[in-house]
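Visitor: Supplied structure: upload.tsv, TSV, C-alpha atoms and all ligand atoms.
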chain	number	residue	atom	x	y	z
A	1	MET	CA	-104.76	-21.10	-100.83
A	2	THR	CA	-102.88	-21.13	-97.57
A	3	ASP	CA	-99.24	-22.31	-97.42
A	4	THR	CA	-98.49	-25.53	-95.54
A	5	VAL	CA	-95.28	-27.07	-94.21
A	6	LEU	CA	-94.56	-30.78	-93.85
A	7	VAL	CA	-92.67	-31.35	-90.59
A	8	ILE	CA	-90.55	-34.47	-90.25
A	9	ASN	CA	-88.94	-35.87	-87.12
A	10	SER	CA	-86.88	-38.86	-88.09
A	11	GLY	CA	-85.57	-41.26	-85.43
A	12	SER	CA	-83.39	-44.34	-85.77
A	13	SER	CA	-86.38	-46.65	-86.35
A	14	SER	CA	-89.27	-44.20	-86.65
A	15	ILE	CA	-90.57	-41.18	-88.56
A	16	LYS	CA	-93.06	-38.76	-87.04
A	17	TYR	CA	-94.67	-36.26	-89.38
A	18	GLN	CA	-97.23	-33.50	-89.38
A	19	LEU	CA	-98.71	-31.37	-92.14
A	20	VAL	CA	-99.01	-27.93	-90.56
A	21	ASP	CA	-100.87	-24.77	-91.50
A	22	PRO	CA	-98.47	-22.30	-89.84
A	23	ALA	CA	-100.75	-19.28	-90.20
A	24	ALA	CA	-103.73	-20.96	-88.55
A	25	GLY	CA	-101.49	-22.84	-86.09
A	26	THR	CA	-103.22	-26.14	-86.87
A	27	ALA	CA	-102.21	-29.65	-87.97
A	28	LEU	CA	-104.00	-30.83	-91.12
A	29	ALA	CA	-102.71	-34.38	-90.68
A	30	SER	CA	-100.15	-36.22	-88.59
A	31	GLY	CA	-98.72	-39.66	-88.20
A	32	LEU	CA	-96.02	-42.06	-87.26
A	33	VAL	CA	-94.02	-44.82	-88.91
A	34	GLU	CA	-92.68	-47.25	-86.31
A	35	ARG	CA	-90.28	-50.19	-86.17
A	36	ILE	CA	-88.50	-49.37	-89.42
A	37	GLY	CA	-86.16	-52.19	-90.40
A	38	GLU	CA	-87.94	-54.72	-88.18
A	39	PRO	CA	-90.07	-57.64	-89.42
A	40	ALA	CA	-93.33	-56.06	-88.22
A	41	GLY	CA	-93.63	-52.31	-88.82
A	42	ARG	CA	-96.60	-50.02	-88.33
A	43	VAL	CA	-97.87	-46.81	-89.87
A	44	VAL	CA	-100.53	-44.63	-88.27
A	45	HIS	CA	-101.97	-41.69	-90.21
A	46	LYS	CA	-104.44	-39.24	-88.69
A	47	GLN	CA	-106.59	-36.72	-90.47
A	48	GLY	CA	-109.15	-34.99	-88.31
A	49	ALA	CA	-111.08	-37.67	-86.42
A	50	GLN	CA	-110.05	-40.35	-88.91
A	51	THR	CA	-107.19	-42.72	-88.02
A	52	THR	CA	-105.76	-45.14	-90.60
A	53	GLU	CA	-103.41	-47.90	-89.49
A	54	ARG	CA	-101.21	-50.20	-91.57
A	55	GLU	CA	-99.30	-53.14	-90.15
A	56	THR	CA	-96.54	-53.77	-92.68
A	57	ALA	CA	-92.82	-54.37	-92.79
A	58	VAL	CA	-91.03	-51.08	-93.53
A	59	ALA	CA	-87.57	-51.84	-94.90
A	60	ASP	CA	-86.03	-48.40	-94.47
A	61	HIS	CA	-86.82	-44.70	-94.02
A	62	GLY	CA	-87.29	-44.25	-97.79
A	63	GLU	CA	-89.98	-46.89	-97.88
A	64	GLY	CA	-91.54	-45.42	-94.73
A	65	LEU	CA	-91.90	-41.99	-96.32
A	66	ARG	CA	-93.25	-43.50	-99.56
A	67	ILE	CA	-95.98	-45.25	-97.54
A	68	VAL	CA	-96.74	-41.93	-95.84
A	69	THR	CA	-97.12	-40.10	-99.18
A	70	SER	CA	-99.38	-42.86	-100.50
A	71	LEU	CA	-101.55	-42.52	-97.37
A	72	PHE	CA	-101.81	-38.78	-98.01
A	73	ASP	CA	-102.97	-39.67	-101.56
A	74	GLU	CA	-105.50	-42.27	-100.42
A	75	VAL	CA	-106.86	-40.79	-97.20
A	76	GLY	CA	-105.97	-37.15	-97.62
A	77	PRO	CA	-105.30	-34.38	-97.45
A	78	SER	CA	-103.73	-34.54	-100.90
A	79	LEU	CA	-100.16	-33.28	-100.71
A	80	ALA	CA	-100.39	-32.23	-104.36
A	81	GLU	CA	-103.21	-29.86	-103.44
A	82	ALA	CA	-101.99	-28.84	-99.98
A	83	ASN	CA	-99.62	-26.17	-101.27
A	84	VAL	CA	-96.61	-27.52	-99.36
A	85	VAL	CA	-94.05	-24.71	-99.52
A	86	ALA	CA	-91.34	-26.29	-97.35
A	87	VAL	CA	-90.33	-29.38	-95.45
A	88	GLY	CA	-89.10	-28.69	-91.91
A	89	HIS	CA	-86.81	-31.25	-90.29
A	90	ARG	CA	-86.11	-31.60	-86.59
A	91	VAL	CA	-82.38	-32.09	-86.08
A	92	VAL	CA	-81.07	-32.75	-82.58
A	93	MET	CA	-77.50	-31.47	-82.64
A	94	GLY	CA	-76.40	-28.28	-84.36
A	95	GLY	CA	-73.32	-27.87	-82.17
A	96	ARG	CA	-71.68	-24.46	-82.34
A	97	TYR	CA	-72.74	-23.98	-85.95
A	98	TYR	CA	-76.42	-23.05	-85.90
A	99	ASP	CA	-78.31	-20.57	-83.76
A	100	GLY	CA	-81.41	-20.75	-85.92
A	101	PRO	CA	-83.04	-22.68	-88.76
A	102	VAL	CA	-81.08	-23.22	-91.98
A	103	ARG	CA	-81.95	-24.25	-95.51
A	104	VAL	CA	-80.53	-27.66	-96.22
A	105	ASP	CA	-77.76	-27.95	-98.82
A	106	GLU	CA	-74.78	-30.26	-99.17
A	107	ASP	CA	-72.71	-28.21	-96.69
A	108	VAL	CA	-75.44	-28.39	-94.08
A	109	LEU	CA	-75.75	-32.15	-94.55
A	110	ALA	CA	-71.98	-32.52	-94.14
A	111	THR	CA	-72.06	-30.45	-90.94
A	112	ILE	CA	-74.90	-32.48	-89.44
A	113	GLU	CA	-72.91	-35.61	-90.25
A	114	ARG	CA	-69.74	-34.16	-88.72
A	115	LEU	CA	-71.67	-33.49	-85.50
A	116	SER	CA	-72.83	-37.10	-85.21
A	117	PRO	CA	-70.28	-38.09	-82.54
A	118	LEU	CA	-72.01	-35.57	-80.24
A	119	ALA	CA	-75.46	-37.13	-80.88
A	120	PRO	CA	-74.80	-40.65	-82.15
A	121	LEU	CA	-78.38	-41.85	-81.64
A	122	HIS	CA	-80.01	-38.87	-83.31
A	123	ASN	CA	-78.04	-37.00	-85.97
A	124	PRO	CA	-77.49	-40.00	-88.29
A	125	ALA	CA	-81.23	-40.76	-88.15
A	126	ASN	CA	-82.13	-37.10	-88.76
A	127	LEU	CA	-79.77	-37.08	-91.72
A	128	THR	CA	-81.36	-40.19	-93.23
A	129	GLY	CA	-84.78	-38.56	-92.90
A	130	ILE	CA	-83.61	-35.41	-94.67
A	131	ARG	CA	-81.98	-37.36	-97.51
A	132	VAL	CA	-85.02	-39.50	-98.30
A	133	ALA	CA	-87.39	-36.53	-97.95
A	134	ARG	CA	-85.30	-34.49	-100.39
A	135	GLU	CA	-85.60	-37.30	-102.94
A	136	LEU	CA	-89.35	-37.52	-102.47
A	137	PHE	CA	-89.95	-33.75	-102.39
A	138	PRO	CA	-87.22	-32.35	-104.63
A	139	ASP	CA	-89.07	-29.17	-105.62
A	140	VAL	CA	-89.51	-27.51	-102.22
A	141	PRO	CA	-86.87	-26.13	-99.86
A	142	HIS	CA	-85.94	-28.31	-96.89
A	143	VAL	CA	-85.12	-26.52	-93.64
A	144	ALA	CA	-83.27	-27.98	-90.65
A	145	VAL	CA	-84.44	-26.77	-87.23
A	146	PHE	CA	-82.01	-27.67	-84.46
A	147	ASP	CA	-82.88	-28.67	-80.91
A	148	THR	CA	-79.75	-26.90	-79.74
A	149	ALA	CA	-80.20	-23.63	-81.67
A	150	PHE	CA	-81.96	-21.70	-78.90
A	151	PHE	CA	-79.00	-22.49	-76.63
A	152	ARG	CA	-76.25	-21.81	-79.18
A	153	ASN	CA	-75.55	-18.42	-77.62
A	154	LEU	CA	-75.69	-19.43	-73.97
A	155	PRO	CA	-73.30	-17.20	-72.05
A	156	ASP	CA	-69.88	-18.82	-71.59
A	157	ASP	CA	-70.36	-19.04	-67.84
A	158	ALA	CA	-73.35	-21.35	-68.33
A	159	ALA	CA	-72.03	-23.26	-71.35
A	160	THR	CA	-68.50	-24.05	-70.17
A	161	TYR	CA	-67.56	-27.11	-68.11
A	162	ALA	CA	-64.72	-26.65	-65.62
A	163	LEU	CA	-62.62	-29.11	-67.57
A	164	ASP	CA	-59.08	-28.83	-68.93
A	165	ARG	CA	-59.49	-26.25	-71.69
A	166	GLU	CA	-57.48	-28.06	-74.34
A	167	VAL	CA	-59.31	-31.33	-73.86
A	168	ALA	CA	-62.66	-29.53	-73.94
A	169	GLU	CA	-61.75	-27.69	-77.14
A	170	GLN	CA	-60.28	-30.68	-78.91
A	171	TYR	CA	-63.34	-32.83	-78.24
A	172	SER	CA	-66.02	-30.08	-78.41
A	173	VAL	CA	-67.01	-30.68	-74.79
A	174	ARG	CA	-69.42	-27.95	-73.71
A	175	ARG	CA	-73.09	-27.57	-72.84
A	176	TYR	CA	-75.31	-27.55	-75.94
A	177	GLY	CA	-78.71	-28.10	-74.30
A	178	ALA	CA	-81.70	-29.75	-75.99
A	179	HIS	CA	-85.49	-29.29	-76.35
A	180	GLY	CA	-84.59	-25.75	-77.49
A	181	THR	CA	-87.48	-25.45	-79.94
A	182	SER	CA	-89.89	-26.15	-77.11
A	183	HIS	CA	-88.22	-23.80	-74.61
A	184	GLN	CA	-88.22	-20.97	-77.15
A	185	TYR	CA	-91.84	-21.59	-78.16
A	186	VAL	CA	-93.13	-21.86	-74.59
A	187	SER	CA	-91.25	-18.83	-73.22
A	188	THR	CA	-92.51	-16.72	-76.15
A	189	ARG	CA	-96.09	-18.00	-75.82
A	190	ALA	CA	-96.08	-17.35	-72.06
A	191	ALA	CA	-95.25	-13.68	-72.65
A	192	GLU	CA	-97.98	-13.43	-75.33
A	193	ILE	CA	-100.57	-15.00	-73.06
A	194	LEU	CA	-99.65	-12.63	-70.24
A	195	GLY	CA	-99.70	-9.67	-72.64
A	196	ARG	CA	-96.21	-8.73	-71.50
A	197	ASP	CA	-93.03	-7.78	-73.30
A	198	LEU	CA	-90.69	-10.78	-73.58
A	199	ALA	CA	-87.72	-8.41	-73.45
A	200	GLU	CA	-88.59	-7.52	-69.85
A	201	LEU	CA	-89.25	-11.01	-68.51
A	202	ARG	CA	-87.17	-13.50	-66.53
A	203	THR	CA	-88.75	-16.88	-67.30
A	204	VAL	CA	-88.09	-20.42	-66.17
A	205	VAL	CA	-89.49	-23.10	-68.47
A	206	LEU	CA	-89.86	-26.65	-67.16
A	207	HIS	CA	-90.24	-29.03	-70.10
A	208	LEU	CA	-91.29	-32.20	-68.28
A	209	GLY	CA	-91.87	-35.13	-70.61
A	210	ASN	CA	-90.23	-38.52	-70.59
A	211	GLY	CA	-87.10	-36.48	-71.28
A	212	ALA	CA	-87.07	-33.37	-69.09
A	213	SER	CA	-85.20	-30.08	-69.06
A	214	ALA	CA	-85.31	-26.64	-67.47
A	215	SER	CA	-84.24	-23.34	-68.99
A	216	ALA	CA	-83.66	-19.81	-67.79
A	217	VAL	CA	-84.78	-17.26	-70.38
A	218	LYS	CA	-83.97	-13.61	-69.77
A	219	GLY	CA	-85.37	-11.03	-72.16
A	220	GLY	CA	-86.08	-13.76	-74.72
A	221	HIS	CA	-82.53	-15.15	-74.63
A	222	ALA	CA	-81.60	-18.46	-73.02
A	223	VAL	CA	-79.05	-17.83	-70.27
A	224	ASP	CA	-78.93	-21.35	-68.82
A	225	THR	CA	-80.37	-24.79	-69.42
A	226	SER	CA	-80.18	-28.11	-67.63
A	227	MET	CA	-79.20	-30.45	-70.46
A	228	GLY	CA	-75.51	-30.39	-71.30
A	229	LEU	CA	-73.19	-32.05	-73.78
A	230	THR	CA	-76.04	-34.56	-74.13
A	231	PRO	CA	-79.62	-34.78	-72.83
A	232	LEU	CA	-78.40	-36.84	-69.85
A	233	GLU	CA	-77.63	-33.88	-67.57
A	234	GLY	CA	-80.04	-31.99	-65.35
A	235	LEU	CA	-83.49	-33.00	-64.15
A	236	VAL	CA	-84.54	-36.49	-63.10
A	237	MET	CA	-86.19	-38.01	-66.19
A	238	GLY	CA	-88.27	-41.05	-67.09
A	239	THR	CA	-85.23	-43.28	-67.53
A	240	ARG	CA	-82.21	-40.91	-67.26
A	241	THR	CA	-80.30	-39.99	-64.11
A	242	GLY	CA	-79.99	-36.26	-64.75
A	243	ASP	CA	-77.28	-34.70	-62.56
A	244	ILE	CA	-75.01	-37.27	-60.96
A	245	ASP	CA	-71.45	-37.20	-59.64
A	246	PRO	CA	-69.27	-38.21	-62.63
A	247	ALA	CA	-67.19	-40.24	-60.19
A	248	VAL	CA	-70.06	-42.75	-60.11
A	249	VAL	CA	-68.78	-43.77	-63.55
A	250	PHE	CA	-65.26	-44.45	-62.21
A	251	HIS	CA	-66.68	-46.26	-59.19
A	252	LEU	CA	-68.85	-48.59	-61.29
A	253	ALA	CA	-66.10	-49.20	-63.83
A	254	ARG	CA	-63.57	-50.07	-61.16
A	255	ASN	CA	-65.70	-51.88	-58.64
A	256	ALA	CA	-68.68	-53.31	-60.53
A	257	GLY	CA	-66.64	-54.23	-63.61
A	258	MET	CA	-69.09	-52.40	-65.84
A	259	SER	CA	-68.02	-51.30	-69.32
A	260	ILE	CA	-68.54	-47.75	-70.59
A	261	ASP	CA	-71.38	-48.97	-72.83
A	262	GLU	CA	-73.07	-50.69	-69.89
A	263	ILE	CA	-72.85	-47.54	-67.77
A	264	ASP	CA	-74.16	-45.47	-70.69
A	265	ASP	CA	-77.14	-47.83	-70.94
A	266	LEU	CA	-77.66	-47.77	-67.14
A	267	PHE	CA	-77.63	-43.97	-66.92
A	268	ASN	CA	-79.75	-43.33	-70.02
A	269	LYS	CA	-82.23	-46.21	-70.07
A	270	ARG	CA	-82.44	-47.86	-66.64
A	271	SER	CA	-82.23	-44.93	-64.22
A	272	GLY	CA	-84.36	-41.87	-63.44
A	273	LEU	CA	-87.89	-42.66	-62.23
A	274	LYS	CA	-87.72	-46.08	-63.87
A	275	GLY	CA	-84.59	-47.02	-61.97
A	276	LEU	CA	-85.87	-45.63	-58.69
A	277	THR	CA	-89.43	-46.97	-58.80
A	278	GLY	CA	-89.77	-49.50	-61.63
A	279	VAL	CA	-92.03	-47.21	-63.69
A	280	ASN	CA	-91.29	-44.12	-65.78
A	281	ASP	CA	-94.87	-42.96	-66.37
A	282	LEU	CA	-96.07	-40.50	-63.72
A	283	ARG	CA	-99.60	-41.94	-63.84
A	284	GLU	CA	-98.31	-45.35	-62.76
A	285	LEU	CA	-96.01	-43.72	-60.24
A	286	HIS	CA	-98.92	-41.95	-58.52
A	287	ASP	CA	-100.79	-45.27	-58.33
A	288	LEU	CA	-97.81	-46.85	-56.59
A	289	VAL	CA	-97.52	-43.94	-54.16
A	290	ALA	CA	-101.25	-44.20	-53.37
A	291	ALA	CA	-100.80	-47.91	-52.70
A	292	GLY	CA	-98.14	-47.08	-50.09
A	293	ASP	CA	-95.05	-48.07	-52.13
A	294	SER	CA	-92.15	-46.42	-50.27
A	295	ALA	CA	-89.69	-46.55	-53.21
A	296	ALA	CA	-92.27	-44.76	-55.35
A	297	ARG	CA	-92.65	-42.07	-52.67
A	298	VAL	CA	-88.90	-41.51	-52.56
A	299	GLY	CA	-88.71	-41.49	-56.38
A	300	LEU	CA	-91.38	-38.81	-56.68
A	301	ASP	CA	-89.71	-36.76	-53.94
A	302	VAL	CA	-86.31	-36.96	-55.68
A	303	TYR	CA	-88.00	-35.85	-58.92
A	304	THR	CA	-89.69	-32.77	-57.45
A	305	HIS	CA	-86.76	-31.85	-55.19
A	306	ARG	CA	-84.66	-31.49	-58.37
A	307	LEU	CA	-87.33	-29.25	-59.91
A	308	ARG	CA	-87.38	-26.89	-56.91
A	309	LYS	CA	-83.60	-26.78	-56.92
A	310	TYR	CA	-83.48	-25.71	-60.57
A	311	ILE	CA	-86.21	-23.09	-60.18
A	312	GLY	CA	-84.26	-21.55	-57.30
A	313	ALA	CA	-80.95	-21.78	-59.15
A	314	TYR	CA	-82.33	-20.13	-62.27
A	315	ALA	CA	-84.02	-17.37	-60.30
A	316	ALA	CA	-80.55	-16.68	-58.85
A	317	VAL	CA	-78.90	-16.80	-62.30
A	318	MET	CA	-81.39	-14.22	-63.64
A	319	GLY	CA	-81.49	-12.05	-60.51
A	320	GLY	CA	-85.18	-12.77	-60.02
A	321	LEU	CA	-88.16	-14.48	-61.56
A	322	ASP	CA	-91.27	-13.18	-63.33
A	323	VAL	CA	-92.70	-16.24	-65.09
A	324	LEU	CA	-92.64	-19.98	-64.47
A	325	ALA	CA	-94.05	-22.13	-67.29
A	326	PHE	CA	-94.77	-25.88	-67.22
A	327	THR	CA	-94.98	-27.87	-70.45
A	328	ALA	CA	-94.83	-31.36	-72.08
A	329	GLY	CA	-96.53	-34.60	-70.98
A	330	VAL	CA	-95.95	-34.27	-67.24
A	331	GLY	CA	-95.94	-30.47	-67.07
A	332	GLU	CA	-99.26	-30.20	-68.92
A	333	ASN	CA	-101.06	-33.08	-67.24
A	334	ASP	CA	-99.78	-33.65	-63.74
A	335	ASP	CA	-101.18	-31.25	-61.15
A	336	VAL	CA	-99.49	-33.11	-58.27
A	337	VAL	CA	-96.03	-32.59	-59.77
A	338	ARG	CA	-96.78	-28.93	-60.52
A	339	ALA	CA	-97.91	-28.28	-56.96
A	340	ASP	CA	-94.94	-30.13	-55.49
A	341	ALA	CA	-92.46	-28.37	-57.80
A	342	VAL	CA	-93.30	-24.98	-56.24
A	343	ARG	CA	-93.78	-26.14	-52.63
A	344	GLY	CA	-91.96	-23.77	-50.28
A	345	LEU	CA	-91.07	-21.28	-53.00
A	346	GLU	CA	-93.39	-18.53	-51.70
A	347	PHE	CA	-90.23	-16.64	-50.64
A	348	LEU	CA	-89.51	-16.23	-54.38
A	349	GLY	CA	-93.05	-15.04	-55.01
A	350	VAL	CA	-93.97	-18.38	-56.57
A	351	GLN	CA	-97.45	-19.63	-55.69
A	352	ILE	CA	-100.07	-21.82	-57.31
A	353	ASP	CA	-103.84	-21.62	-56.82
A	354	PRO	CA	-104.97	-25.23	-56.15
A	355	GLU	CA	-108.25	-24.74	-58.00
A	356	LEU	CA	-106.66	-23.19	-61.06
A	357	ASN	CA	-103.98	-25.90	-61.02
A	358	ALA	CA	-106.39	-28.83	-60.83
A	359	GLY	CA	-106.48	-31.29	-63.71
A	360	ARG	CA	-104.96	-31.72	-67.15
A	361	MET	CA	-104.53	-28.73	-69.45
A	362	LYS	CA	-105.20	-28.82	-73.17
A	363	GLU	CA	-104.95	-25.03	-73.44
A	364	ALA	CA	-102.55	-22.54	-71.93
A	365	LYS	CA	-103.65	-21.31	-68.50
A	366	VAL	CA	-102.37	-19.13	-65.70
A	367	ILE	CA	-102.42	-21.14	-62.44
A	368	SER	CA	-100.97	-18.60	-59.99
A	369	PRO	CA	-103.39	-16.55	-57.88
A	370	ALA	CA	-104.34	-13.06	-59.08
A	371	GLY	CA	-101.71	-10.53	-58.03
A	372	ALA	CA	-98.95	-13.11	-57.45
A	373	ARG	CA	-95.42	-11.77	-57.94
A	374	VAL	CA	-94.53	-14.62	-60.32
A	375	ALA	CA	-96.97	-15.67	-63.04
A	376	VAL	CA	-97.12	-19.47	-63.12
A	377	LEU	CA	-98.56	-20.99	-66.29
A	378	VAL	CA	-99.16	-24.22	-68.08
A	379	VAL	CA	-98.34	-23.77	-71.78
A	380	PRO	CA	-98.85	-26.83	-74.01
A	381	THR	CA	-95.80	-27.13	-76.21
A	382	ASN	CA	-96.08	-27.47	-79.98
A	383	GLU	CA	-92.69	-28.24	-81.48
A	384	GLU	CA	-94.16	-29.11	-84.90
A	385	LEU	CA	-95.85	-25.73	-85.20
A	386	ALA	CA	-92.65	-24.01	-84.09
A	387	ILE	CA	-90.62	-25.96	-86.66
A	388	ALA	CA	-93.16	-25.18	-89.40
A	389	ARG	CA	-93.09	-21.46	-88.62
A	390	GLN	CA	-89.31	-21.37	-88.48
A	391	ALA	CA	-89.12	-23.25	-91.80
A	392	LEU	CA	-91.54	-20.81	-93.41
A	393	ALA	CA	-89.56	-17.85	-92.12
A	394	GLN	CA	-86.50	-19.18	-94.02
A	395	LEU	CA	-88.17	-18.92	-97.43
B	401	LIG	P1	-93.85	-36.53	-73.42
B	401	LIG	O1	-92.44	-37.08	-73.47
B	401	LIG	O2	-93.90	-35.04	-73.41
B	401	LIG	O3	-94.76	-37.15	-74.44
B	401	LIG	O4	-94.44	-36.97	-71.99
B	401	LIG	C1	-94.70	-38.32	-71.68
B	401	LIG	C2	-94.92	-38.46	-70.19
B	401	LIG	O5	-96.00	-37.61	-69.76
B	401	LIG	C3	-95.36	-39.84	-69.74
B	401	LIG	O6	-94.25	-40.70	-69.54
B	401	LIG	C4	-96.08	-39.56	-68.42
B	401	LIG	O7	-95.15	-39.60	-67.35
B	401	LIG	C5	-96.57	-38.14	-68.57
B	401	LIG	N1	-98.02	-38.08	-68.68
B	401	LIG	C6	-98.78	-38.20	-69.77
B	401	LIG	N2	-100.10	-38.09	-69.45
B	401	LIG	C7	-100.16	-37.88	-68.13
B	401	LIG	C8	-101.23	-37.68	-67.19
B	401	LIG	N3	-102.49	-37.67	-67.55
B	401	LIG	N4	-100.88	-37.51	-65.89
B	401	LIG	C9	-99.59	-37.51	-65.50
B	401	LIG	N5	-98.56	-37.68	-66.34
B	401	LIG	C10	-98.83	-37.87	-67.63
Reformat the file's structure so that it appears as structure tokens.
Ligand code: AMP
Guide:
Amino acid sequence: MTDTVLVINSGSSSIKYQLVDPAAGTALASGLVERIGEPAGRVVHKQGAQTTERETAVADHGEGLRIVTSLFDEVGPSLAEANVVAVGHRVVMGGRYYDGPVRVDEDVLATIERLSPLAPLHNPANLTGIRVARELFPDVPHVAVFDTAFFRNLPDDAATYALDREVAEQYSVRRYGAHGTSHQYVSTRAAEILGRDLAELRTVVLHLGNGASASAVKGGHAVDTSMGLTPLEGLVMGTRTGDIDPAVVFHLARNAGMSIDEIDDLFNKRSGLKGLTGVNDLRELHDLVAAGDSAARVGLDVYTHRLRKYIGAYAAVMGGLDVLAFTAGVGENDDVVRADAVRGLEFLGVQIDPELNAGRMKEAKVISPAGARVAVLVVPTNEELAIARQALAQL
């Protein structure tokens, strides 16, 4: 019987999970526990075409995972018979410690906890998920897969802020990146699809979801990425500013009387496309643009201007460009954004064929014209599969 891996992504009030067959590259079941700790929680479990929903209060992550295991028992597939050989956990911040997956032990748990000040919304929740999963599945190895691992060895020139060195060292201020599992998966898949040697390619990956990031991958190694100390830096996102003059913080603190927490909330949750246009979903944004909403037009232009800027910057960082890959919710589904992201970049050899680009992509596809200097692709990301494979490789 084939080996399977249970992949768990634990948030502050949610648990996402997937039972993965890493060899076949398929999900045998998946689901989501939402609103943990709130009066009205919800659990959704999917197996094939069958979806089972439970509306029930979920006191904590432990209870959430127990409900999930009981759904596996009732609806299937049976975990007892699924030959689960590992549990893979998504962990957001691995800091300077991890450049790949690691088997969880007490030291690893302590390190993830120690890194919590760098990812206060994520690491504590990830840790809780690992602890309850280890109690429920004590007989299999648990593996932590870090969002930052692919960027752990960024060259110093890309990872270092031009900040007083002692302050930076004392407070671990440097660029860690995020979405690394996706950037690694997509850059590797793009080379496979093109039938080319990753070692010879200069690739830009645009992971455009509600959170969004760009990476420059040279010969399979990340040499730059747009997210920094936290996922706030870089591209314009659904609700985050991306790059902004840090002096805006001083200005708002001094002149608008805003506290640090209020500015944090403004930059992370009330800015980006949402702040510019009132909506953070690209589908709604296009509707507003079509209806003649001028703020929506400007918002979309700011969004794609930033994309072009990063593509150009990363081509410069790598001394050229061979592959440009779009992924995640916007990158896979939004042909208008893809076309606009490469507008005017013919001088770099970047071109898209409008017919190949049209529509949403469920499968990987090359969208540049035959013979183009740069291969432009859409590559659907699959972080769960990547986590499952990395977990399996640790055994
Ligand atoms: P993700 O964070 O990767 O799940 O991406 C979520 C985002 O993808 C949403 O906020 C939308 O902006 C975008 N999205 C999803 N479906 C579509 C679609 N059909 N067309 C355009 N954008 C989409």
Visitor: Determine the nearest neighbour of ligand LIG 401 (chain B) from the options A:Asp265, A:Asp340, A:Asp334, A:Asp301, counting only C-alpha atoms and all ligand atoms.
Guide: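 For ligand LIG 401 (chain B), the nearest of the candidates is A:Asp334.
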Visitor: For each of A:Val249, A:Leu208, A:Leu121, A:Leu385, take the minimum atom-to-atom distance to ligand LIG 401 (chain B), counting all atoms listed in the file, then give the residue where this is smallest.
Guide: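 So, comparing all the options, the nearest one is A:Leu208.
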Visitor: How would you report the residues lying within 12 Å of ligand LIG 401 (chain B), as a VMD selection string, if you count only C-alpha atoms and all ligand atoms?
Guide: chain A and resid 179 182 206 to 213 236 to 239 272 to 274 279 to 287 300 303 326 to 338 358 to 362 380 to 383
Visitor: Closest to A:Thr188 among A:Leu307, A:Val342, A:Leu28, A:Leu201, using all atoms listed in the file?
Guide: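 Using all atoms listed in the file, the shortest distance to A:Thr188 belongs to A:Leu201.
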Visitor: Give me the residues near A:Leu118 as JSON, numbers by chain, where near means some atom within 9 Å (using all atoms listed in the file) and where sequence neighbours in that chain fewer than 2 positions away do not count.
Guide: {"A": [93, 95, 114, 115, 116, 120, 123, 172, 173, 229, 230]}
Visitor: Can you write out the residues you just picked, keeping C-alpha atoms, as a PDB file, in the coordinates of the input?
Guide:
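Now in part22.pdb:
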ATOM      1  CA  MET A  93     -77.500 -31.470 -82.640  1.00  0.00           C
ATOM      2  CA  GLY A  95     -73.320 -27.870 -82.170  1.00  0.00           C
ATOM      3  CA  ARG A 114     -69.740 -34.160 -88.720  1.00  0.00           C
ATOM      4  CA  LEU A 115     -71.670 -33.490 -85.500  1.00  0.00           C
ATOM      5  CA  SER A 116     -72.830 -37.100 -85.210  1.00  0.00           C
ATOM      6  CA  PRO A 120     -74.800 -40.650 -82.150  1.00  0.00           C
ATOM      7  CA  ASN A 123     -78.040 -37.000 -85.970  1.00  0.00           C
ATOM      8  CA  SER A 172     -66.020 -30.080 -78.410  1.00  0.00           C
ATOM      9  CA  VAL A 173     -67.010 -30.680 -74.790  1.00  0.00           C
ATOM     10  CA  LEU A 229     -73.190 -32.050 -73.780  1.00  0.00           C
ATOM     11  CA  THR A 230     -76.040 -34.560 -74.130  1.00  0.00           C
TER      12      THR A 230
END
Visitor: Just the residues within 7 Å of A:Val376, please, counting all atoms listed in the file, with nothing from its chain fewer than 2 positions along; format it as a PyMOL selection string.
Guide: chain A and resi 323-325+352+366-368+374
Visitor: Fewer than 3 positions away in the same chain doesn't count, so skip those; otherwise give me all residues within 12 Å of A:Arg196, counting only C-alpha atoms, as number ranges by chain.
Guide: A: 187-193, 199-203, 219-220, 322-323, 375
Visitor: Atom CA of A:Val379 and atom CA of A:Asn268 are how many Å apart?
Guide: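 Result for atom CA of A:Val379 versus atom CA of A:Asn268: 27.0 Å, one decimal.
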Visitor: Write out as a list of chain:residue names which residues come within 9 Å of A:Asp147 when counting all atoms listed in the file, dropping same-chain ones fewer than 2 positions away.
Guide: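 Near A:Asp147, the qualifying residues are A:Arg90, A:Val91, A:Val92, A:Met93, A:Gly94, A:Val145, A:Ala149, A:Phe150, A:Phe151, A:Gly177, A:Ala178, A:His179, A:Gly180, A:Thr181, A:Ser182.
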Visitor: When you look at stretch 68-80 of chain A with a cut-off of 10 Å (counting all atoms listed in the file), what residues show up, excluding the ones that are within fewer than 4 positions of it in the same chain? I need them as a list in words.
Guide: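 Counting only the stated atoms, we get Thr4, Leu6, Ile15, Tyr17, Leu19, Leu28, Ala29, Ser30, Gly31, Leu32, Val33, Val43, Val44, His45, Lys46, Gln47, Gly48, Gln50, Thr51, Thr52, Glu53, Arg54, Gly62, Glu63, Gly64, Val84 and Leu136 of chain A.
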Visitor: Name the closest residue to A:Ile387 among the candidates A:Val5, A:Leu345, A:Ile112, A:Val205; distances are taken between atoms, counting only C-alpha atoms.
Guide: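 Among A:Val5, A:Leu345, A:Ile112, A:Val205, it is A:Val5 that comes nearest to A:Ile387.
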Visitor: Between A:Ala256, A:Arg175, A:Val140, A:Arg306, which one has atoms that come closest to A:Leu163, using only C-alpha atoms?
Guide: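 Using only C-alpha atoms, A:Leu163 sits closest to A:Arg175.
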